[in-house]
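data_0.pdb follows (PDB, C-alpha atoms, pLDDT in the B column):
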```
ATOM      1  CA  MET L 551      78.615 113.562  98.534  1.00 48.00           C
ATOM      2  CA  SER L 552      80.294 115.305  95.652  1.00 53.00           C
ATOM      3  CA  GLU L 553      83.223 114.185  93.521  1.00 55.00           C
ATOM      4  CA  ALA L 554      85.468 116.648  95.368  1.00 57.00           C
ATOM      5  CA  THR L 555      84.911 114.856  98.698  1.00 55.00           C
ATOM      6  CA  THR L 556      84.983 111.300  97.397  1.00 56.00           C
ATOM      7  CA  GLY L 557      88.297 109.433  97.666  1.00 64.00           C
ATOM      8  CA  PHE L 558      89.457 107.039  95.027  1.00 67.00           C
ATOM      9  CA  GLN L 559      88.313 103.429  95.080  1.00 77.00           C
ATOM     10  CA  ARG L 560      91.048 101.106  96.341  1.00 85.00           C
ATOM     11  CA  THR L 561      91.421  97.975  94.270  1.00 89.00           C
ATOM     12  CA  PRO L 562      93.281  95.169  96.125  1.00 93.00           C
ATOM     13  CA  CYS L 563      96.331  94.016  94.216  1.00 94.00           C
ATOM     14  CA  PRO L 564      95.553  90.681  92.528  1.00 93.00           C
ATOM     15  CA  ASP L 565      99.218  89.586  92.504  1.00 93.00           C
ATOM     16  CA  CYS L 566      99.711  89.719  96.292  1.00 94.00           C
ATOM     17  CA  ASN L 567      96.026  89.396  97.311  1.00 93.00           C
ATOM     18  CA  GLY L 568      96.148  92.747  99.085  1.00 93.00           C
ATOM     19  CA  THR L 569      99.087  91.974 101.405  1.00 94.00           C
ATOM     20  CA  GLY L 570     101.753  94.097  99.694  1.00 95.00           C
ATOM     21  CA  GLU L 571     104.265  91.260  99.735  1.00 96.00           C
ATOM     22  CA  LEU L 572     105.049  88.129  97.754  1.00 95.00           C
ATOM     23  CA  ARG L 573     106.125  84.878  99.388  1.00 94.00           C
ATOM     24  CA  ILE L 574     108.306  82.563  97.347  1.00 93.00           C
ATOM     25  CA  ASP L 575     109.005  79.053  98.634  1.00 94.00           C
ATOM     26  CA  SER L 576     112.516  77.845  97.886  1.00 92.00           C
ATOM     27  CA  GLU L 577     114.371  74.560  98.328  1.00 93.00           C
ATOM     28  CA  ASN L 578     118.144  74.196  98.352  1.00 91.00           C
ATOM     29  CA  ILE L 579     120.360  71.132  98.607  1.00 92.00           C
ATOM     30  CA  THR L 580     123.144  71.455 101.189  1.00 91.00           C
ATOM     31  CA  GLU L 581     126.638  69.976 100.965  1.00 93.00           C
ATOM     32  CA  ASP L 582     125.356  67.043 103.052  1.00 93.00           C
ATOM     33  CA  PHE L 583     122.575  66.434 100.491  1.00 93.00           C
ATOM     34  CA  GLU L 584     119.898  67.650 102.876  1.00 94.00           C
ATOM     35  CA  VAL L 585     116.946  69.631 101.585  1.00 94.00           C
ATOM     36  CA  GLU L 586     116.798  73.090 103.122  1.00 95.00           C
ATOM     37  CA  LYS L 587     113.440  74.859 102.732  1.00 95.00           C
ATOM     38  CA  GLN L 588     112.940  78.578 103.160  1.00 94.00           C
ATOM     39  CA  THR L 589     110.396  81.241 102.310  1.00 95.00           C
ATOM     40  CA  VAL L 590     111.611  84.454 100.727  1.00 93.00           C
ATOM     41  CA  ILE L 591     109.368  87.474 101.413  1.00 95.00           C
ATOM     42  CA  THR L 592     109.676  90.408  99.038  1.00 95.00           C
ATOM     43  CA  GLU L 593     107.762  93.569  98.206  1.00 96.00           C
ATOM     44  CA  CYS L 594     105.117  93.087  95.520  1.00 95.00           C
ATOM     45  CA  PRO L 595     106.423  94.758  92.332  1.00 94.00           C
ATOM     46  CA  ARG L 596     102.963  95.468  90.910  1.00 93.00           C
ATOM     47  CA  CYS L 597     101.611  97.520  93.841  1.00 93.00           C
ATOM     48  CA  ARG L 598     105.048  98.461  95.272  1.00 93.00           C
ATOM     49  CA  GLY L 599     104.088  97.131  98.707  1.00 93.00           C
ATOM     50  CA  LEU L 600     100.936  99.258  99.053  1.00 93.00           C
ATOM     51  CA  ALA L 601      98.562  96.234  98.857  1.00 93.00           C
ATOM     52  CA  PHE L 602      96.290  98.111  96.427  1.00 93.00           C
ATOM     53  CA  LEU L 603      96.554  99.380  92.874  1.00 90.00           C
ATOM     54  CA  LEU L 604      96.849 103.108  92.308  1.00 82.00           C
ATOM     55  CA  PRO L 605      94.307 104.799  90.023  1.00 80.00           C
ATOM     56  CA  GLY L 606      95.496 104.606  86.428  1.00 74.00           C
ATOM     57  CA  THR L 607      97.324 101.308  86.972  1.00 74.00           C
ATOM     58  CA  PRO L 608      96.190  98.644  84.478  1.00 72.00           C
ATOM     59  CA  GLY L 609      93.563  96.532  86.226  1.00 69.00           C
ATOM     60  CA  ALA L 610      92.627  99.241  88.770  1.00 68.00           C
ATOM     61  CA  ALA L 611      89.026 100.467  88.966  1.00 62.00           C
TER      62      ALA L 611
END
```
Here is a file; write its structure as structure tokens.
Amino acid sequence: MSEATTGFQRTPCPDCNGTGELRIDSENITEDFEVEKQTVITECPRCRGLAFLLPGTPGAA
């Protein structure tokens, strides 16, 4: 194999553990003083939802 045929090494994103998304647990208190729990799922800002770091990104191989 030469360098021309070798793809880049994918480094899994350490922030999202290679899923491409972040899950944030949240608790809110309702008007009736009940605890309402929910999970907010958002795109990982470090890898932009790709689940791996692009070459040249700090921390990428």
What's the 7 Å shell around L:Leu572, counting all atoms listed in the file, without same-chain residues fewer than 6 positions away, as a ChimeraX atom specification? /L:566,591-594
Residues just named, written with C-alpha atoms as a compact mmCIF listing (two decimals), keeping the file's coordinate frame:
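Everything below was put into selection25.txt:
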```txt
# COMPACT_ATOMS: atom_id res chain seq x y z
CA CYS L 566 99.71 89.72 96.29
CA ILE L 591 109.37 87.47 101.41
CA THR L 592 109.68 90.41 99.04
CA GLU L 593 107.76 93.57 98.21
CA CYS L 594 105.12 93.09 95.52
```
Taken to one decimal, the atom CA of L:Arg573-atom CA of L:Pro605 distance is 25.0 Å
Of the candidates L:Glu577, L:Gln588, L:Gly606, L:Arg596, which shows the shortest atom-to-atom distance to L:Pro564, using all atoms listed in the file?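 Checking each of L:Glu577, L:Gln588, L:Gly606, L:Arg596 against L:Pro564, counting all atoms listed in the file, the winner is L:Arg596.
Taking atom CA of L:Asp565 and atom CA of L:Cys597 as the two end points, the separation is 8.4 Å.
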Given only C-alpha atoms as the counted atoms, nearest of L:Cys563, L:Ile574, L:Ile579, L:Val590 to L:Thr607: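 Ranking L:Cys563, L:Ile574, L:Ile579, L:Val590 by distance to L:Thr607, first place goes to L:Cys563.
With only C-alpha atoms as the basis for measurement, L:Leu600 is the residue among L:Glu581, L:Leu600, L:Glu586, L:Pro595 that approaches L:Gly568 most closely.
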Could you list the residues chosen by the PyMOL selection byres ((chain L and resi 560) around 7) in this structure as a list of chain:residue names?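 Output of the PyMOL selection byres ((chain L and resi 560) around 7): L:Phe558, L:Gln559, L:Thr561, L:Pro562, L:Phe602, L:Leu603.
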